[in-house]
file final_1.cif (mmCIF, all heavy atoms)
data_coords
loop_
_atom_site.label_atom_id
_atom_site.label_comp_id
_atom_site.auth_asym_id
_atom_site.auth_seq_id
_atom_site.Cartn_x
_atom_site.Cartn_y
_atom_site.Cartn_z
N MET A 1 48.90 54.20 -7.68
CA MET A 1 49.09 53.15 -8.65
C MET A 1 48.13 53.34 -9.83
O MET A 1 48.53 53.17 -10.98
CB MET A 1 48.86 51.79 -7.98
CG MET A 1 49.01 50.64 -8.93
SD MET A 1 48.84 49.06 -8.11
CE MET A 1 50.51 48.80 -7.60
N ILE A 2 46.89 53.69 -9.55
CA ILE A 2 45.92 53.90 -10.63
C ILE A 2 46.35 55.07 -11.50
O ILE A 2 46.25 55.02 -12.73
CB ILE A 2 44.50 54.10 -10.06
CG1 ILE A 2 44.03 52.81 -9.40
CG2 ILE A 2 43.52 54.54 -11.15
CD1 ILE A 2 42.74 52.93 -8.62
N TRP A 3 46.86 56.11 -10.89
CA TRP A 3 47.33 57.28 -11.65
C TRP A 3 48.44 56.87 -12.62
O TRP A 3 48.43 57.28 -13.78
CB TRP A 3 47.83 58.35 -10.68
CG TRP A 3 48.24 59.61 -11.36
CD1 TRP A 3 49.51 60.01 -11.64
CD2 TRP A 3 47.38 60.62 -11.89
NE1 TRP A 3 49.50 61.21 -12.29
CE2 TRP A 3 48.20 61.60 -12.46
CE3 TRP A 3 45.99 60.78 -11.92
CZ2 TRP A 3 47.69 62.75 -13.06
CZ3 TRP A 3 45.49 61.92 -12.52
CH2 TRP A 3 46.33 62.88 -13.08
N ASP A 4 49.38 56.08 -12.15
CA ASP A 4 50.48 55.62 -13.01
C ASP A 4 49.96 54.75 -14.15
O ASP A 4 50.40 54.89 -15.29
CB ASP A 4 51.51 54.83 -12.20
CG ASP A 4 52.29 55.72 -11.24
OD1 ASP A 4 52.37 56.95 -11.47
OD2 ASP A 4 52.80 55.19 -10.24
N LEU A 5 49.02 53.86 -13.87
CA LEU A 5 48.45 53.01 -14.91
C LEU A 5 47.66 53.84 -15.92
O LEU A 5 47.66 53.55 -17.11
CB LEU A 5 47.56 51.94 -14.30
CG LEU A 5 48.27 50.84 -13.52
CD1 LEU A 5 47.26 49.95 -12.80
CD2 LEU A 5 49.15 50.01 -14.43
N LEU A 6 47.01 54.89 -15.45
CA LEU A 6 46.23 55.75 -16.33
C LEU A 6 47.11 56.42 -17.37
O LEU A 6 46.70 56.62 -18.51
CB LEU A 6 45.48 56.79 -15.50
CG LEU A 6 44.50 57.70 -16.21
CD1 LEU A 6 43.41 56.88 -16.86
CD2 LEU A 6 43.91 58.70 -15.23
N ALA A 7 48.33 56.71 -17.00
CA ALA A 7 49.26 57.35 -17.95
C ALA A 7 49.60 56.43 -19.11
O ALA A 7 49.83 56.89 -20.23
CB ALA A 7 50.53 57.77 -17.21
N ASP A 8 49.62 55.13 -18.87
CA ASP A 8 50.01 54.17 -19.90
C ASP A 8 48.85 53.42 -20.54
O ASP A 8 48.98 52.88 -21.62
CB ASP A 8 50.98 53.13 -19.31
CG ASP A 8 52.29 53.76 -18.87
OD1 ASP A 8 52.72 54.75 -19.48
OD2 ASP A 8 52.87 53.25 -17.89
N HIS A 9 47.72 53.37 -19.84
CA HIS A 9 46.57 52.59 -20.32
C HIS A 9 45.34 53.48 -20.25
O HIS A 9 44.96 53.92 -19.17
CB HIS A 9 46.36 51.34 -19.47
CG HIS A 9 47.60 50.50 -19.39
ND1 HIS A 9 47.99 49.66 -20.39
CD2 HIS A 9 48.54 50.41 -18.42
CE1 HIS A 9 49.12 49.07 -20.04
NE2 HIS A 9 49.48 49.51 -18.85
N GLY A 10 44.71 53.71 -21.38
CA GLY A 10 43.64 54.69 -21.44
C GLY A 10 42.26 54.26 -21.00
O GLY A 10 41.44 55.09 -20.69
N SER A 11 42.00 52.96 -20.90
CA SER A 11 40.63 52.57 -20.58
C SER A 11 40.54 51.95 -19.19
O SER A 11 41.51 51.39 -18.66
CB SER A 11 40.10 51.58 -21.61
OG SER A 11 40.64 50.29 -21.40
N VAL A 12 39.35 52.03 -18.62
CA VAL A 12 39.10 51.43 -17.31
C VAL A 12 39.34 49.93 -17.37
O VAL A 12 39.94 49.35 -16.47
CB VAL A 12 37.66 51.74 -16.84
CG1 VAL A 12 37.31 50.96 -15.59
CG2 VAL A 12 37.48 53.23 -16.61
N ASP A 13 38.90 49.29 -18.45
CA ASP A 13 39.08 47.85 -18.58
C ASP A 13 40.55 47.46 -18.56
O ASP A 13 40.93 46.46 -17.95
CB ASP A 13 38.44 47.34 -19.87
CG ASP A 13 36.91 47.42 -19.83
OD1 ASP A 13 36.34 47.45 -18.72
OD2 ASP A 13 36.30 47.45 -20.91
N GLU A 14 41.40 48.24 -19.21
CA GLU A 14 42.84 47.95 -19.22
C GLU A 14 43.43 48.11 -17.82
O GLU A 14 44.24 47.29 -17.39
CB GLU A 14 43.57 48.88 -20.19
CG GLU A 14 43.30 48.60 -21.65
CD GLU A 14 43.97 49.61 -22.56
OE1 GLU A 14 43.96 50.81 -22.24
OE2 GLU A 14 44.49 49.18 -23.59
N ILE A 15 43.02 49.15 -17.13
CA ILE A 15 43.54 49.40 -15.78
C ILE A 15 43.09 48.29 -14.84
O ILE A 15 43.89 47.77 -14.05
CB ILE A 15 43.08 50.78 -15.27
CG1 ILE A 15 43.74 51.88 -16.11
CG2 ILE A 15 43.41 50.96 -13.79
CD1 ILE A 15 43.20 53.26 -15.88
N VAL A 16 41.82 47.91 -14.92
CA VAL A 16 41.31 46.82 -14.08
C VAL A 16 42.07 45.53 -14.35
O VAL A 16 42.47 44.82 -13.43
CB VAL A 16 39.78 46.63 -14.28
CG1 VAL A 16 39.30 45.36 -13.60
CG2 VAL A 16 39.02 47.84 -13.74
N ALA A 17 42.31 45.23 -15.61
CA ALA A 17 43.04 44.01 -15.97
C ALA A 17 44.45 44.02 -15.39
O ALA A 17 44.93 43.00 -14.88
CB ALA A 17 43.10 43.86 -17.49
N MET A 18 45.11 45.15 -15.44
CA MET A 18 46.46 45.25 -14.88
C MET A 18 46.44 45.05 -13.36
O MET A 18 47.30 44.36 -12.81
CB MET A 18 47.08 46.61 -15.21
CG MET A 18 47.29 46.86 -16.70
SD MET A 18 48.46 45.73 -17.47
CE MET A 18 49.96 46.23 -16.70
N LEU A 19 45.46 45.63 -12.69
CA LEU A 19 45.37 45.49 -11.24
C LEU A 19 45.00 44.07 -10.83
O LEU A 19 45.44 43.58 -9.79
CB LEU A 19 44.38 46.50 -10.67
CG LEU A 19 44.83 47.95 -10.74
CD1 LEU A 19 43.70 48.88 -10.34
CD2 LEU A 19 46.07 48.20 -9.90
N GLN A 20 44.19 43.39 -11.65
CA GLN A 20 43.82 42.01 -11.35
C GLN A 20 45.04 41.10 -11.37
O GLN A 20 45.06 40.07 -10.69
CB GLN A 20 42.78 41.51 -12.34
CG GLN A 20 41.41 42.09 -12.08
CD GLN A 20 40.40 41.67 -13.13
OE1 GLN A 20 40.74 41.44 -14.29
NE2 GLN A 20 39.15 41.59 -12.74
N GLN A 21 46.04 41.45 -12.14
CA GLN A 21 47.27 40.66 -12.19
C GLN A 21 48.08 40.81 -10.91
O GLN A 21 48.88 39.96 -10.57
CB GLN A 21 48.12 41.06 -13.39
CG GLN A 21 47.49 40.71 -14.72
CD GLN A 21 48.31 41.23 -15.88
OE1 GLN A 21 49.44 41.71 -15.73
NE2 GLN A 21 47.75 41.15 -17.07
N GLN A 22 47.86 41.94 -10.19
CA GLN A 22 48.67 42.22 -9.01
C GLN A 22 47.96 41.95 -7.69
O GLN A 22 48.62 41.79 -6.66
CB GLN A 22 49.12 43.69 -9.04
CG GLN A 22 50.04 43.98 -10.22
CD GLN A 22 50.49 45.43 -10.22
OE1 GLN A 22 50.45 46.11 -9.20
NE2 GLN A 22 50.93 45.90 -11.37
N PHE A 23 46.62 41.94 -7.71
CA PHE A 23 45.87 41.80 -6.46
C PHE A 23 44.88 40.65 -6.56
O PHE A 23 44.38 40.33 -7.63
CB PHE A 23 45.13 43.10 -6.13
CG PHE A 23 46.05 44.27 -5.91
CD1 PHE A 23 46.28 45.18 -6.93
CD2 PHE A 23 46.70 44.44 -4.71
CE1 PHE A 23 47.14 46.25 -6.74
CE2 PHE A 23 47.56 45.50 -4.51
CZ PHE A 23 47.78 46.41 -5.52
N SER A 24 44.55 40.04 -5.44
CA SER A 24 43.64 38.90 -5.43
C SER A 24 42.19 39.27 -5.15
O SER A 24 41.34 38.39 -5.03
CB SER A 24 44.11 37.88 -4.38
OG SER A 24 44.08 38.46 -3.10
N ASP A 25 41.89 40.56 -5.06
CA ASP A 25 40.51 40.99 -4.83
C ASP A 25 39.63 40.58 -6.00
O ASP A 25 40.10 40.39 -7.12
CB ASP A 25 40.43 42.51 -4.66
CG ASP A 25 41.13 43.01 -3.41
OD1 ASP A 25 41.37 42.19 -2.51
OD2 ASP A 25 41.45 44.20 -3.36
N ALA A 26 38.34 40.47 -5.73
CA ALA A 26 37.38 40.13 -6.78
C ALA A 26 37.39 41.23 -7.86
O ALA A 26 37.59 42.40 -7.54
CB ALA A 26 35.99 40.00 -6.18
N PRO A 27 37.17 40.85 -9.11
CA PRO A 27 37.18 41.83 -10.20
C PRO A 27 36.23 43.01 -9.98
O PRO A 27 36.58 44.15 -10.29
CB PRO A 27 36.76 41.02 -11.42
CG PRO A 27 37.19 39.63 -11.10
CD PRO A 27 36.99 39.49 -9.61
N ASP A 28 35.05 42.76 -9.41
CA ASP A 28 34.11 43.86 -9.19
C ASP A 28 34.61 44.82 -8.11
O ASP A 28 34.35 46.02 -8.18
CB ASP A 28 32.71 43.35 -8.88
CG ASP A 28 32.64 42.47 -7.64
OD1 ASP A 28 33.58 41.71 -7.39
OD2 ASP A 28 31.61 42.53 -6.93
N VAL A 29 35.35 44.32 -7.14
CA VAL A 29 35.93 45.18 -6.11
C VAL A 29 37.01 46.06 -6.73
O VAL A 29 37.07 47.27 -6.47
CB VAL A 29 36.51 44.33 -4.95
CG1 VAL A 29 37.30 45.19 -3.98
CG2 VAL A 29 35.40 43.58 -4.24
N ILE A 30 37.86 45.48 -7.54
CA ILE A 30 38.91 46.24 -8.21
C ILE A 30 38.30 47.29 -9.14
O ILE A 30 38.70 48.47 -9.11
CB ILE A 30 39.87 45.31 -8.99
CG1 ILE A 30 40.66 44.44 -8.00
CG2 ILE A 30 40.80 46.11 -9.89
CD1 ILE A 30 41.49 43.35 -8.63
N ALA A 31 37.31 46.90 -9.93
CA ALA A 31 36.66 47.82 -10.86
C ALA A 31 36.01 48.98 -10.09
O ALA A 31 36.10 50.14 -10.52
CB ALA A 31 35.63 47.09 -11.70
N GLY A 32 35.37 48.68 -8.97
CA GLY A 32 34.76 49.73 -8.16
C GLY A 32 35.79 50.72 -7.63
O GLY A 32 35.57 51.93 -7.65
N GLY A 33 36.91 50.22 -7.17
CA GLY A 33 37.98 51.09 -6.68
C GLY A 33 38.55 51.96 -7.78
O GLY A 33 38.83 53.15 -7.56
N VAL A 34 38.70 51.40 -8.96
CA VAL A 34 39.21 52.18 -10.10
C VAL A 34 38.22 53.28 -10.46
O VAL A 34 38.60 54.43 -10.66
CB VAL A 34 39.48 51.26 -11.31
CG1 VAL A 34 39.76 52.08 -12.57
CG2 VAL A 34 40.65 50.33 -11.02
N ARG A 35 36.94 52.94 -10.50
CA ARG A 35 35.93 53.95 -10.84
C ARG A 35 35.90 55.08 -9.81
O ARG A 35 35.79 56.25 -10.16
CB ARG A 35 34.56 53.30 -10.97
CG ARG A 35 34.42 52.50 -12.23
CD ARG A 35 32.99 52.00 -12.43
NE ARG A 35 32.95 51.09 -13.55
CZ ARG A 35 33.06 49.77 -13.46
NH1 ARG A 35 33.18 49.19 -12.29
NH2 ARG A 35 33.02 49.01 -14.53
N ILE A 36 36.00 54.74 -8.54
CA ILE A 36 36.02 55.76 -7.48
C ILE A 36 37.24 56.66 -7.65
O ILE A 36 37.15 57.89 -7.55
CB ILE A 36 36.00 55.11 -6.09
CG1 ILE A 36 34.63 54.49 -5.83
CG2 ILE A 36 36.35 56.12 -5.00
CD1 ILE A 36 34.57 53.59 -4.61
N ALA A 37 38.40 56.07 -7.91
CA ALA A 37 39.62 56.86 -8.09
C ALA A 37 39.51 57.77 -9.31
O ALA A 37 39.83 58.96 -9.23
CB ALA A 37 40.84 55.94 -8.24
N LEU A 38 39.00 57.23 -10.42
CA LEU A 38 38.86 58.05 -11.63
C LEU A 38 37.87 59.18 -11.41
O LEU A 38 38.11 60.31 -11.87
CB LEU A 38 38.45 57.18 -12.81
CG LEU A 38 39.48 56.17 -13.29
CD1 LEU A 38 38.91 55.33 -14.43
CD2 LEU A 38 40.77 56.83 -13.70
N GLN A 39 36.79 58.90 -10.71
CA GLN A 39 35.81 59.96 -10.42
C GLN A 39 36.45 61.07 -9.58
O GLN A 39 36.22 62.25 -9.83
CB GLN A 39 34.59 59.39 -9.71
CG GLN A 39 33.49 60.40 -9.48
CD GLN A 39 32.92 60.96 -10.77
OE1 GLN A 39 32.76 60.24 -11.74
NE2 GLN A 39 32.63 62.24 -10.79
N SER A 40 37.28 60.69 -8.62
CA SER A 40 37.94 61.72 -7.80
C SER A 40 38.93 62.53 -8.62
O SER A 40 39.07 63.74 -8.43
CB SER A 40 38.62 61.10 -6.58
OG SER A 40 39.74 60.33 -6.94
N PHE A 41 39.61 61.89 -9.59
CA PHE A 41 40.51 62.63 -10.49
C PHE A 41 39.72 63.64 -11.32
O PHE A 41 40.16 64.78 -11.51
CB PHE A 41 41.26 61.69 -11.43
CG PHE A 41 42.20 60.71 -10.76
CD1 PHE A 41 42.56 59.54 -11.41
CD2 PHE A 41 42.70 60.93 -9.49
CE1 PHE A 41 43.42 58.63 -10.82
CE2 PHE A 41 43.56 60.02 -8.88
CZ PHE A 41 43.92 58.87 -9.55
N LEU A 42 38.56 63.21 -11.82
CA LEU A 42 37.72 64.10 -12.63
C LEU A 42 37.21 65.27 -11.80
O LEU A 42 37.25 66.43 -12.25
CB LEU A 42 36.55 63.33 -13.24
CG LEU A 42 36.90 62.30 -14.30
CD1 LEU A 42 35.69 61.45 -14.63
CD2 LEU A 42 37.46 62.97 -15.55
N GLU A 43 36.72 64.99 -10.60
CA GLU A 43 36.19 66.03 -9.73
C GLU A 43 37.25 67.05 -9.32
O GLU A 43 36.94 68.22 -9.12
CB GLU A 43 35.53 65.42 -8.50
CG GLU A 43 34.25 64.69 -8.82
CD GLU A 43 33.67 63.92 -7.65
OE1 GLU A 43 34.28 63.92 -6.55
OE2 GLU A 43 32.62 63.29 -7.84
N ALA A 44 38.49 66.60 -9.21
CA ALA A 44 39.60 67.50 -8.83
C ALA A 44 40.23 68.14 -10.06
O ALA A 44 41.24 68.84 -9.93
CB ALA A 44 40.65 66.72 -8.05
N SER A 45 39.65 67.90 -11.24
CA SER A 45 40.17 68.43 -12.51
C SER A 45 41.60 67.98 -12.78
O SER A 45 42.38 68.69 -13.40
CB SER A 45 40.08 69.96 -12.54
OG SER A 45 38.74 70.38 -12.46
N LEU A 46 41.94 66.78 -12.31
CA LEU A 46 43.26 66.21 -12.56
C LEU A 46 43.27 65.38 -13.84
O LEU A 46 44.32 65.02 -14.35
CB LEU A 46 43.71 65.33 -11.39
CG LEU A 46 43.89 66.06 -10.07
CD1 LEU A 46 44.15 65.06 -8.95
CD2 LEU A 46 45.01 67.07 -10.17
N ALA A 47 42.07 65.05 -14.34
CA ALA A 47 41.92 64.27 -15.55
C ALA A 47 40.67 64.74 -16.26
O ALA A 47 39.82 65.43 -15.67
CB ALA A 47 41.80 62.77 -15.22
N GLU A 48 40.57 64.40 -17.52
CA GLU A 48 39.37 64.73 -18.27
C GLU A 48 39.02 63.57 -19.18
O GLU A 48 39.88 62.76 -19.53
CB GLU A 48 39.53 66.02 -19.07
CG GLU A 48 40.67 65.99 -20.06
CD GLU A 48 40.88 67.32 -20.74
OE1 GLU A 48 40.85 68.37 -20.08
OE2 GLU A 48 41.08 67.31 -21.96
N VAL A 49 37.78 63.49 -19.55
CA VAL A 49 37.29 62.43 -20.41
C VAL A 49 37.51 62.82 -21.86
O VAL A 49 37.17 63.92 -22.27
CB VAL A 49 35.78 62.17 -20.17
CG1 VAL A 49 35.25 61.12 -21.11
CG2 VAL A 49 35.54 61.78 -18.73
N GLU A 50 38.14 61.91 -22.62
CA GLU A 50 38.32 62.16 -24.05
C GLU A 50 37.06 61.74 -24.78
O GLU A 50 36.43 60.77 -24.43
CB GLU A 50 39.50 61.35 -24.58
CG GLU A 50 40.83 61.84 -24.13
CD GLU A 50 41.97 61.09 -24.78
OE1 GLU A 50 41.72 60.26 -25.68
OE2 GLU A 50 43.11 61.32 -24.39
N SER A 51 36.74 62.50 -25.84
CA SER A 51 35.56 62.11 -26.61
C SER A 51 35.93 61.30 -27.82
O SER A 51 36.98 61.16 -28.24
CB SER A 51 34.78 63.30 -27.07
OG SER A 51 35.34 64.52 -26.87
#
call {"tool": "encode", "arguments": {"input": "final_1.cif", "output": "structure tokens"}}
result
Amino acid sequence: MIWDLLADHGSVDEIVAMLQQQFSDAPDVIAGGVRIALQSFLEASLAEVES
């Protein structure tokens, strides 16, 4: 789900906001999960950070 949102929404804040609309978890829990997922994408060279 995060991968799909990443294709349409470029920032972590946008992705977190979209997930908050779908899940009842606390915002910090959602943000932490998004950061972990994005870090794994970066480590696997599946994504890169734009400057």
call {"tool": "resolve_selection", "arguments": {"input": "final_1.cif", "expression": "the PyMOL selection byres ((chain A and resi 3) around 5)", "output": "list of chain:residue names"}}
result
A:Met1, A:Ile2, A:Asp4, A:Leu5, A:Leu6, A:Ala7, A:Phe41, A:Leu46, A:Ala47
call {"tool": "residues_around", "arguments": {"input": "final_1.cif", "residues": "A:Ile30", "least_positions_apart": "4", "cutoff": "4.5 Å", "atoms": "all atoms listed in the file", "output": "PyMOL selection string"}}
result
chain A and resi 16+19-20+23+25-26+34
call {"tool": "atom_distance", "arguments": {"input": "final_1.cif", "atom1": "atom OE2 of A:Glu43", "atom2": "atom OE1 of A:Gln21"}}
result
28.5 Å
call {"tool": "atom_distance", "arguments": {"input": "final_1.cif", "atom1": "atom CA of A:Val29", "atom2": "atom CA of A:Ser45"}}
result
24.5 Å
call {"tool": "select_by_dssp", "arguments": {"input": "final_1.cif", "residues": "chain A", "states": "helix (DSSP H, G or I)", "output": "count of residues only"}}
result
35
call {"tool": "atom_distance", "arguments": {"input": "final_1.cif", "atom1": "atom CA of A:Ala31", "atom2": "atom OD1 of A:Asp13"}}
result
7.9 Å
call {"tool": "axis_aligned_box", "arguments": {"input": "final_1.cif", "around": "stretch 16-20 of chain A", "padding_each_side": "3 Å", "output": "lines of an AutoDock Vina configuration file"}}
result
center_x = 44.5
center_y = 44.5
center_z = -13.6
size_x = 16.9
size_y = 14.8
size_z = 13.7
